[in-house]
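Structure first, commentary second.
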Amino acid sequence: MPVRYCRNQPFCKLSMLFFPYWNKVVGRLIPQQFGIFVGARPRTQALDIAHALQLVVEKGLDDCSNATLAQCDAQTYFDELRALRICRWLVTRGCSPEDVACLVRAQMVPRVIPHAGGSAVPIVNRSKRGLTGSRTALMLARILVEEVMNDRAESWKTWGFRCDESRLRAASCIDNVFACSNTPE
């Protein structure tokens, strides 16, 4: 029997209100690096990544198969989000503790009650595990992926796929990360 989760309508509305504000804050705290595409931001689509990676494949085939693509999907990504740790990261980077408290509250307060086979067991006292599919969880997830990509950007510079004078080093869309190079090494 499939497991279903109860929907929390007030939370959905609250999450939608937070999203534009936190999107701007995260964009300011983690500026995009040249050669690294980060999806799941406003005005981006998964097709942006798919198109770029298809061009890498085509250009690599034209260049005697000198192209490499790697893809990683964090299978349990939202289940392992540590909201309190991420919120501490936000405060250390200058975000208002009051605003951050609202963010963590929006993620942790809604009751999660899995239903299976006529039984319902509420999950209480959560300090991790994002509410998958919520805009707030998307914000928290973005922080982790973008921070790692920015930290690694310089070391990936030599390995990126060369496109004229620039290099496409990596791309991400939430918990899907892609890397490309001109060489399989």
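Identifiers for the structure tokens are assigned positionally: chains receive A, B, ... in sequence, residues are indexed from 1 per chain, and ligands are indexed from 1 in the order shown.
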So that I can see what lies close to A:Leu168, please list as a count of residues only the residues with an atom at most 8 Å from it, counting only C-alpha atoms and leaving out residues fewer than 5 positions away in the same chain. 8
Find the residues near stretch 40-53 of chain A: any atom within 12 Å, counting only C-alpha atoms, skip ones fewer than 3 places away on the same chain, and give them as a PyMOL selection string. chain A and resi 19-24+26-27+31-32+35-37+56-60+67-71+135+137-143+145-146+161+163+167-181
Give me, as a VMD selection string, all polymer residues having an atom no more than 10 Å from A:Arg105, counting only C-alpha atoms and skipping those fewer than 5 positions away in the same chain. chain A and resid 83 to 84 99 to 100 110
